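**Student:** Sending over structure_11.txt (compact mmCIF, C-alpha atoms).
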# COMPACT_ATOMS: atom_id res chain seq x y z
CA MET U 8 107.45 131.78 120.22
CA ALA U 9 104.13 131.81 118.37
CA GLN U 10 101.97 128.73 117.94
CA ASP U 11 102.39 128.84 114.15
CA ASP U 12 106.18 128.96 114.46
CA LEU U 13 106.10 125.94 116.71
CA ASP U 14 103.85 124.03 114.30
CA ASP U 15 106.20 125.00 111.49
CA LEU U 16 109.15 123.64 113.46
CA PHE U 17 107.29 120.37 114.15
CA ALA U 18 106.43 120.03 110.46
CA ALA U 19 110.08 120.57 109.53
CA ALA U 20 111.12 117.92 112.07
CA ARG U 21 108.55 115.44 110.71
CA SER U 22 109.86 115.97 107.19
CA ARG U 23 113.38 115.04 108.28
CA PRO U 24 113.01 111.54 109.75
CA LEU U 25 116.12 109.85 111.07
CA VAL U 26 117.47 107.35 108.59
CA PRO U 27 118.71 104.16 110.26
CA SER U 28 122.29 103.24 109.40
CA GLU U 29 122.93 100.09 107.40
CA ALA U 30 124.73 98.68 110.41
CA LEU U 31 121.64 99.09 112.60
CA MET U 32 119.37 97.51 109.97
CA ALA U 33 121.80 94.61 109.68
CA ARG U 34 121.78 94.12 113.47
CA VAL U 35 117.97 94.20 113.59
CA LEU U 36 117.63 91.74 110.71
CA ALA U 37 120.24 89.43 112.23
CA ASP U 38 118.16 89.37 115.43
CA ALA U 39 115.03 88.69 113.38
CA MET U 40 116.62 85.72 111.63
CA ALA U 41 118.04 84.37 114.89
CA GLU U 42 114.63 84.47 116.56
CA GLN U 43 112.62 83.23 113.58
CA PRO U 44 113.72 79.56 113.40
CA LYS U 45 111.92 78.89 116.67
CA ALA U 46 108.64 79.88 115.08
CA ALA U 47 109.49 77.91 111.93
CA ALA U 48 110.30 74.83 113.99
CA VAL U 49 106.91 75.00 115.69
CA ARG U 50 105.27 75.26 112.27
CA ALA U 51 107.24 72.28 110.93
CA ALA U 52 106.29 70.16 113.93
CA VAL U 53 102.60 70.87 113.44
CA ALA U 54 102.51 70.71 109.65
CA PRO U 55 102.65 66.92 108.84
CA ALA U 56 99.59 66.06 110.90
CA ARG U 57 97.67 68.93 109.34
CA ARG U 58 98.76 68.25 105.77
CA GLY U 59 98.62 64.44 105.45
CA GLY U 60 95.81 62.72 107.27
CA TRP U 61 95.03 58.98 107.40
CA PHE U 62 94.89 58.42 103.63
CA ALA U 63 98.42 59.77 103.15
CA GLY U 64 99.62 57.39 105.87
CA PHE U 65 97.79 54.51 104.21
CA ALA U 66 99.28 55.39 100.82
CA GLU U 67 102.78 55.52 102.34
CA VAL U 68 102.47 51.84 103.28
CA PHE U 69 102.15 51.00 99.57
CA GLY U 70 104.88 53.36 98.45
CA GLY U 71 102.91 56.55 97.99
CA PHE U 72 99.97 57.71 95.92
CA GLY U 73 101.52 56.54 92.59
CA ALA U 74 101.77 52.94 93.67
CA LEU U 75 98.29 53.03 95.13
CA ALA U 76 96.90 54.25 91.78
CA GLY U 77 98.27 51.11 90.09
CA VAL U 78 96.73 48.85 92.71
CA GLY U 79 93.40 50.63 92.33
CA GLY U 80 93.50 50.30 88.53
CA ALA U 81 94.12 46.55 88.68
CA ALA U 82 91.28 46.08 91.16
CA VAL U 83 88.83 47.97 88.97
CA ALA U 84 89.89 45.99 85.86
CA GLY U 85 89.31 42.71 87.72
CA LEU U 86 85.84 43.76 88.79
CA VAL U 87 84.93 44.80 85.23
CA LEU U 88 86.05 41.47 83.80
CA GLY U 89 84.22 39.52 86.48
CA PHE U 90 80.88 41.25 86.21
CA VAL U 91 80.63 42.52 82.64
CA GLN U 92 82.04 39.42 80.90
CA PRO U 93 82.99 41.15 77.64
CA ALA U 94 82.44 39.16 74.42
CA THR U 95 86.20 38.91 73.81
CA VAL U 96 86.57 36.91 77.03
CA THR U 97 83.98 34.29 76.03
CA ASP U 98 85.30 34.23 72.43
CA PHE U 99 88.79 33.60 73.76
CA ALA U 100 87.43 30.75 75.94
CA ASP U 101 85.61 29.29 72.88
CA SER U 102 88.77 29.13 70.81
CA LEU U 103 90.77 27.70 73.69
CA LEU U 104 88.29 24.97 74.69
CA GLY U 105 86.83 24.25 71.25
CA ALA U 106 83.28 24.43 72.63
CA GLU U 107 80.77 27.20 72.99
CA VAL U 108 81.15 29.00 76.29
CA THR U 109 78.46 31.36 77.56
CA SER U 110 80.23 32.51 80.71
CA VAL U 111 83.66 32.28 82.23
CA THR U 112 84.26 32.08 85.96
CA LEU U 113 87.43 34.02 86.55
CA ILE U 114 87.42 33.40 90.27
CA PRO U 115 86.97 29.75 91.14
CA SER U 116 84.22 29.01 93.62
CA ALA U 117 85.16 28.26 97.18
CA ASP U 118 83.73 24.72 96.76
CA ALA U 119 86.30 23.85 94.13
CA LEU U 120 89.12 24.98 96.37
CA MET U 121 87.84 22.98 99.32
CA VAL U 122 87.52 19.62 97.53
CA GLU U 123 89.45 16.97 99.34
CA GLU U 124 91.12 14.21 97.44
CA MET B 7 104.44 86.75 99.77
CA PRO B 8 105.26 88.91 96.70
CA ARG B 9 107.42 91.93 97.51
CA ASP B 10 105.12 94.39 95.67
CA SER B 11 102.14 93.56 97.83
CA LEU B 12 103.95 94.05 101.16
CA ASP B 13 103.32 97.80 101.25
CA GLU B 14 99.59 97.24 101.60
CA VAL B 15 99.87 94.58 104.28
CA THR B 16 99.19 95.64 107.88
CA ASP B 17 101.94 95.49 110.50
CA GLU B 18 100.00 92.77 112.28
CA ALA B 19 99.73 90.62 109.14
CA LEU B 20 103.45 91.05 108.51
CA LEU B 21 104.19 90.02 112.08
CA ALA B 22 102.06 86.90 111.62
CA ALA B 23 103.91 86.14 108.37
CA TYR B 24 107.22 86.54 110.23
CA ALA B 25 106.04 84.08 112.88
CA ARG B 26 105.21 81.61 110.09
CA GLY B 27 108.83 81.79 108.94
CA GLU B 28 108.62 84.25 106.03
CA ALA B 29 111.97 86.09 105.90
CA ALA B 30 110.60 88.84 103.60
CA ALA B 31 108.17 89.85 106.34
CA ALA B 32 111.03 90.57 108.76
CA ARG B 33 112.69 92.85 106.26
CA ALA B 34 109.46 94.68 105.40
CA LEU B 35 108.62 95.20 109.09
CA SER B 36 112.14 96.44 109.83
CA LEU B 37 112.09 98.95 106.96
CA ARG B 38 108.73 100.20 108.17
CA LEU B 39 109.26 100.29 111.94
CA VAL B 40 112.95 100.88 112.67
CA PRO B 41 112.98 104.51 111.39
CA ARG B 42 110.00 105.35 113.62
CA VAL B 43 111.42 103.58 116.66
CA LEU B 44 114.84 105.15 116.14
CA GLY B 45 113.45 108.67 115.67
CA TYR B 46 111.30 108.44 118.78
CA ALA B 47 114.13 107.04 120.92
CA ALA B 48 116.56 109.67 119.65
CA ARG B 49 114.17 112.49 120.61
CA LEU B 50 113.64 111.04 124.08
CA LEU B 51 117.32 110.34 124.72
CA GLY B 52 119.04 113.05 122.68
CA ASP B 53 121.75 110.55 121.79
CA ARG B 54 121.89 108.70 118.47
CA ALA B 55 124.07 105.78 119.58
CA GLU B 56 121.90 105.07 122.61
CA ALA B 57 118.77 105.42 120.46
CA GLU B 58 120.13 102.78 118.06
CA ASP B 59 120.64 100.36 120.96
CA VAL B 60 117.08 101.01 122.15
CA ALA B 61 115.71 100.54 118.63
CA GLN B 62 117.47 97.20 118.27
CA ASP B 63 116.31 96.09 121.73
CA ALA B 64 112.70 97.09 121.03
CA MET B 65 112.69 95.25 117.70
CA LEU B 66 114.21 92.19 119.37
CA ARG B 67 111.32 92.18 121.84
CA LEU B 68 108.91 92.40 118.90
CA TRP B 69 110.50 89.39 117.16
CA ARG B 70 110.22 87.43 120.39
CA ALA B 71 106.60 88.47 120.91
CA ALA B 72 105.61 87.52 117.33
CA PRO B 73 104.77 83.80 117.83
CA GLY B 74 102.43 84.58 120.73
CA TRP B 75 100.93 87.76 119.23
CA ARG B 76 97.14 87.71 119.51
CA ALA B 77 95.36 89.26 116.54
CA GLY B 78 93.46 92.44 117.35
CA GLU B 79 94.72 92.69 120.92
CA ALA B 80 97.22 95.51 120.41
CA GLN B 81 98.45 97.69 117.57
CA VAL B 82 102.03 96.81 116.66
CA THR B 83 103.20 100.46 116.53
CA THR B 84 101.49 101.38 119.81
CA TRP B 85 103.05 98.33 121.46
CA LEU B 86 106.49 99.28 120.11
CA TYR B 87 106.21 102.92 121.20
CA ARG B 88 105.34 101.70 124.67
CA VAL B 89 108.37 99.41 124.77
CA VAL B 90 110.64 102.23 123.54
CA THR B 91 109.17 104.64 126.11
CA ASN B 92 109.94 102.21 128.93
CA LEU B 93 113.44 101.42 127.64
CA CYS B 94 114.25 105.13 127.34
CA THR B 95 112.87 105.85 130.81
CA ASP B 96 115.18 103.17 132.24
CA ARG B 97 118.17 104.65 130.41
CA LEU B 98 117.36 108.21 131.48
CA ARG B 99 117.07 107.11 135.11
CA GLY B 100 120.39 105.32 134.82
CA ARG B 101 121.88 108.46 133.30
CA VAL B 102 120.63 110.59 136.22
CA ARG B 103 122.15 108.10 138.66
CA ARG B 104 125.49 108.20 136.84
CA ARG B 105 125.44 112.02 136.68
CA THR B 106 124.81 112.38 140.38
CA ASP B 107 127.69 109.97 140.93
CA THR B 108 130.19 111.78 138.69
CA LEU B 109 128.77 115.33 138.33
CA GLU B 110 130.11 115.61 134.80
CA ASP B 111 129.27 114.76 131.17
CA ALA B 112 126.45 117.12 130.21
CA PRO B 113 124.08 115.58 127.66
CA GLU B 114 125.07 115.87 124.02
CA VAL B 115 121.93 117.84 123.13
CA ALA B 116 122.75 120.60 125.63
CA ASP B 117 126.09 121.13 123.93
CA ALA B 118 124.32 121.35 120.59
CA ALA B 119 122.04 124.07 121.93
CA LYS B 120 124.96 126.25 122.98
CA GLY B 121 126.26 126.30 119.44
CA VAL B 122 123.08 127.75 118.00
CA GLU B 123 123.75 131.09 116.26
CA ALA B 124 121.82 133.48 113.97
CA GLY B 125 121.08 132.32 110.45
CA LEU B 126 120.84 128.65 111.33
CA ILE B 127 120.45 126.09 108.64
CA GLU B 128 117.73 123.47 108.92
CA ALA B 129 119.91 120.99 110.80
CA ASP B 130 120.65 123.59 113.45
CA ARG B 131 116.95 124.35 113.86
CA MET B 132 116.44 120.68 114.55
CA ALA B 133 119.31 120.73 117.02
CA ALA B 134 117.68 123.69 118.79
CA LEU B 135 114.35 121.83 118.89
CA ASP B 136 116.04 118.72 120.31
CA ALA B 137 117.87 120.82 122.89
CA ALA B 138 114.61 122.45 123.98
CA LEU B 139 112.88 119.05 124.10
CA ALA B 140 115.63 117.80 126.39
CA GLU B 141 114.76 120.57 128.83
CA LEU B 142 111.16 119.38 129.19
CA PRO B 143 110.07 117.08 132.03
CA GLU B 144 110.20 113.46 130.82
CA ARG B 145 106.44 112.78 130.59
CA GLN B 146 105.77 116.08 128.82
CA ARG B 147 108.51 115.31 126.33
CA GLN B 148 107.10 111.84 125.64
CA ALA B 149 103.57 113.18 125.09
CA LEU B 150 104.69 116.05 122.87
CA VAL B 151 106.99 113.93 120.70
CA LEU B 152 104.33 111.25 120.25
CA ARG B 153 101.67 113.82 119.36
CA HIS B 154 103.50 116.37 117.22
CA LEU B 155 106.52 114.52 115.84
CA GLU B 156 105.35 110.92 115.62
CA GLY B 157 101.77 111.87 114.69
CA LEU B 158 99.91 109.60 117.13
CA SER B 159 96.36 110.40 118.22
CA ASN B 160 95.62 111.24 121.85
CA PRO B 161 93.90 107.85 122.49
CA GLU B 162 96.96 106.07 121.05
CA ILE B 163 99.28 108.12 123.26
CA ALA B 164 97.07 107.25 126.24
CA VAL B 165 97.72 103.55 125.53
CA VAL B 166 101.45 104.07 125.03
CA MET B 167 101.84 106.09 128.25
CA ASP B 168 99.27 104.10 130.21
CA ILE B 169 97.31 107.21 131.23
CA GLY B 170 93.90 108.72 130.39
CA VAL B 171 93.20 110.78 127.28
CA GLU B 172 92.59 113.91 129.38
CA ALA B 173 95.99 113.51 131.02
CA VAL B 174 97.54 113.29 127.54
CA GLU B 175 95.83 116.52 126.49
CA SER B 176 97.05 118.24 129.63
CA LEU B 177 100.62 117.00 129.19
CA THR B 178 100.85 118.00 125.51
CA ALA B 179 99.38 121.45 126.21
CA ARG B 180 101.83 122.12 129.04
CA ALA B 181 104.71 120.74 126.98
CA LYS B 182 103.87 122.99 124.06
CA ARG B 183 103.73 126.08 126.28
CA ALA B 184 107.03 125.19 127.91
CA LEU B 185 108.67 124.52 124.55
CA ALA B 186 107.44 127.84 123.16
CA ALA B 187 108.91 129.61 126.19
CA LEU B 188 112.24 127.77 125.84
CA LEU B 189 112.49 128.65 122.15
CA ALA B 190 111.19 132.21 122.52
CA GLY B 191 114.64 133.64 123.16
CA ARG B 192 115.94 131.98 120.01
CA ARG B 193 113.22 133.12 117.62
CA ASP B 194 115.69 135.04 115.47
CA ASP B 195 118.18 132.19 115.60
CA LEU B 196 115.53 129.79 114.41
CA GLY B 197 114.92 131.81 111.27
CA TYR B 198 111.63 133.45 112.29
CA GLY B 199 113.10 136.94 112.70
CA ASP B 200 111.81 138.34 109.42
CA GLU B 201 108.25 137.25 110.01
CA VAL B 202 105.60 139.62 111.38
So that I can check it, write out the structure of this file as structure tokens.
**Tutor:**
Amino acid sequence: MAQDDLDDLFAAARSRPLVPSEALMARVLADAMAEQPKAAAVRAAVAPARRGGWFAGFAEVFGGFGALAGVGGAAVAGLVLGFVQPATVTDFADSLLGAEVTSVTLIPSADALMVEE
Amino acid sequence: MPRDSLDEVTDEALLAAYARGEAAAARALSLRLVPRVLGYAARLLGDRAEAEDVAQDAMLRLWRAAPGWRAGEAQVTTWLYRVVTNLCTDRLRGRVRRRTDTLEDAPEVADAAKGVEAGLIEADRMAALDAALAELPERQRQALVLRHLEGLSNPEIAVVMDIGVEAVESLTARAKRALAALLAGRRDDLGYGDEV
């Protein structure tokens, strides 16, 4: 048989690939699914440490990031009131005490707390 | 991973996605690789049912190898062809042992060859090719099928068969000559009778 005839036969064979039966594909995919959970389990075991970090753990103590946002907001508001002393705070103290107040101490000094009777 | 983009993803990337737990990757890899694995096994064994078992076994080994697969170390297809080659070699050796024990049950492909008559349709030409392939020595058959039917390069075949590139060239050349001689007597049967 000539070389060209042989090449022609090979080309014909390449153009007619075997088509796997549905049953075979189902068997192969069933094996794939059966073997895959092991890999997924490894991934799940590694994932929390990679995803969270120390801040996530810290936030969890306070009930998650949402709760921590509230705590943070209150802390910032306290600092603003303590340092900035907005006019409304001194005005409110004026009306309450009936005397002119130039500054309000929101956090009592340690001395006042330590006075012994 | 979106289904549309899977066609452009390499086998290795799909295997890594499978190992990460993506079910779509298993399906995409199966659709891509099982036809090749099955076709190669069928040509080595000359038996469809046995080839299906080998294809499933080879794919199972791939799924198991996926979590430990090292990127860039081996080509997925080359690795699979090697596994299929070894599985088929084991089966063919077992078949020889059984035949020497029982001295019966000629291979299915040999029966197919006997039925070849003039004016064959395409399927019969393929049967004649498969019958002639079955006559080749095992290593020649592997090299020829990988080169001319599976379309692998000589360096890739060298990896699959664990031999040098020169040995591959020698095997494929000898296999082609032997195949031409085997099919020479059937030239008319194969539909080449009218050609000059």
**Student:** Mind giving me the straight-line distance from atom CA of B:Ala181 to atom CA of B:Pro143 in Å, one decimal?
**Tutor:**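 Between atom CA of B:Ala181 and atom CA of B:Pro143 the gap works out to 8.2 Å.
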**Student:** Considering only C-alpha atoms, tabulate each residue of chain B that lies at most 7 Å from chain U along with its nearest interatomic pair and the corresponding distance in Å to one decimal; arrange the rows by chain and ascending residue number and present them as a tab-separated table.
**Tutor:**
residue	atom	partner	partner_atom	distance
B:Ala25	CA	U:Ala46	CA	5.4
B:Arg26	CA	U:Ala47	CA	5.9
B:Gly27	CA	U:Ala47	CA	4.9
B:Ala32	CA	U:Ala39	CA	6.4
B:Arg33	CA	U:Leu36	CA	6.7
B:Pro41	CA	U:Pro27	CA	5.9
B:Gly45	CA	U:Leu25	CA	5.4
B:Glu58	CA	U:Leu31	CA	6.8
B:Gln62	CA	U:Val35	CA	5.6
B:Met65	CA	U:Val35	CA	6.8
B:Leu66	CA	U:Asp38	CA	6.3
B:Trp69	CA	U:Ala39	CA	5.9
B:Arg70	CA	U:Glu42	CA	6.5
B:Pro73	CA	U:Ala46	CA	6.2
B:Met132	CA	U:Ala20	CA	6.5
B:His154	CA	U:Phe17	CA	6.3
B:Leu155	CA	U:Arg21	CA	5.6
B:Ala186	CA	U:Met8	CA	4.9
B:Ala187	CA	U:Met8	CA	6.5
B:Leu189	CA	U:Met8	CA	6.2
B:Ala190	CA	U:Met8	CA	4.4
B:Arg193	CA	U:Met8	CA	6.5
**Student:** Please determine, counting only C-alpha atoms, which residue among B:Ala149, B:Ala19, B:Val90, B:Leu188 has the shortest atom-to-atom distance to B:Ile169.
**Tutor:**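 That would be B:Ala149, the residue with the smallest distance to B:Ile169.
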**Student:** Give me the residues near stretch 48-52 of chain B as number ranges by chain, where near means some atom within 10 Å (using all atoms listed in the file) and where sequence neighbours in that chain fewer than 6 positions away do not count.
**Tutor:** U: 25; B: 42, 58, 60-61, 90-91, 94-95, 97-98, 101, 113-116, 133, 135-137, 139-140, 144-145, 147-148, 151-152, 155
**Student:** Work out how far atom CA of B:Ala34 is from atom CA of B:Leu21, in Å to one decimal.
**Tutor:**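 So the two atoms, atom CA of B:Leu21 and atom CA of B:Ala34, lie 9.7 Å apart.
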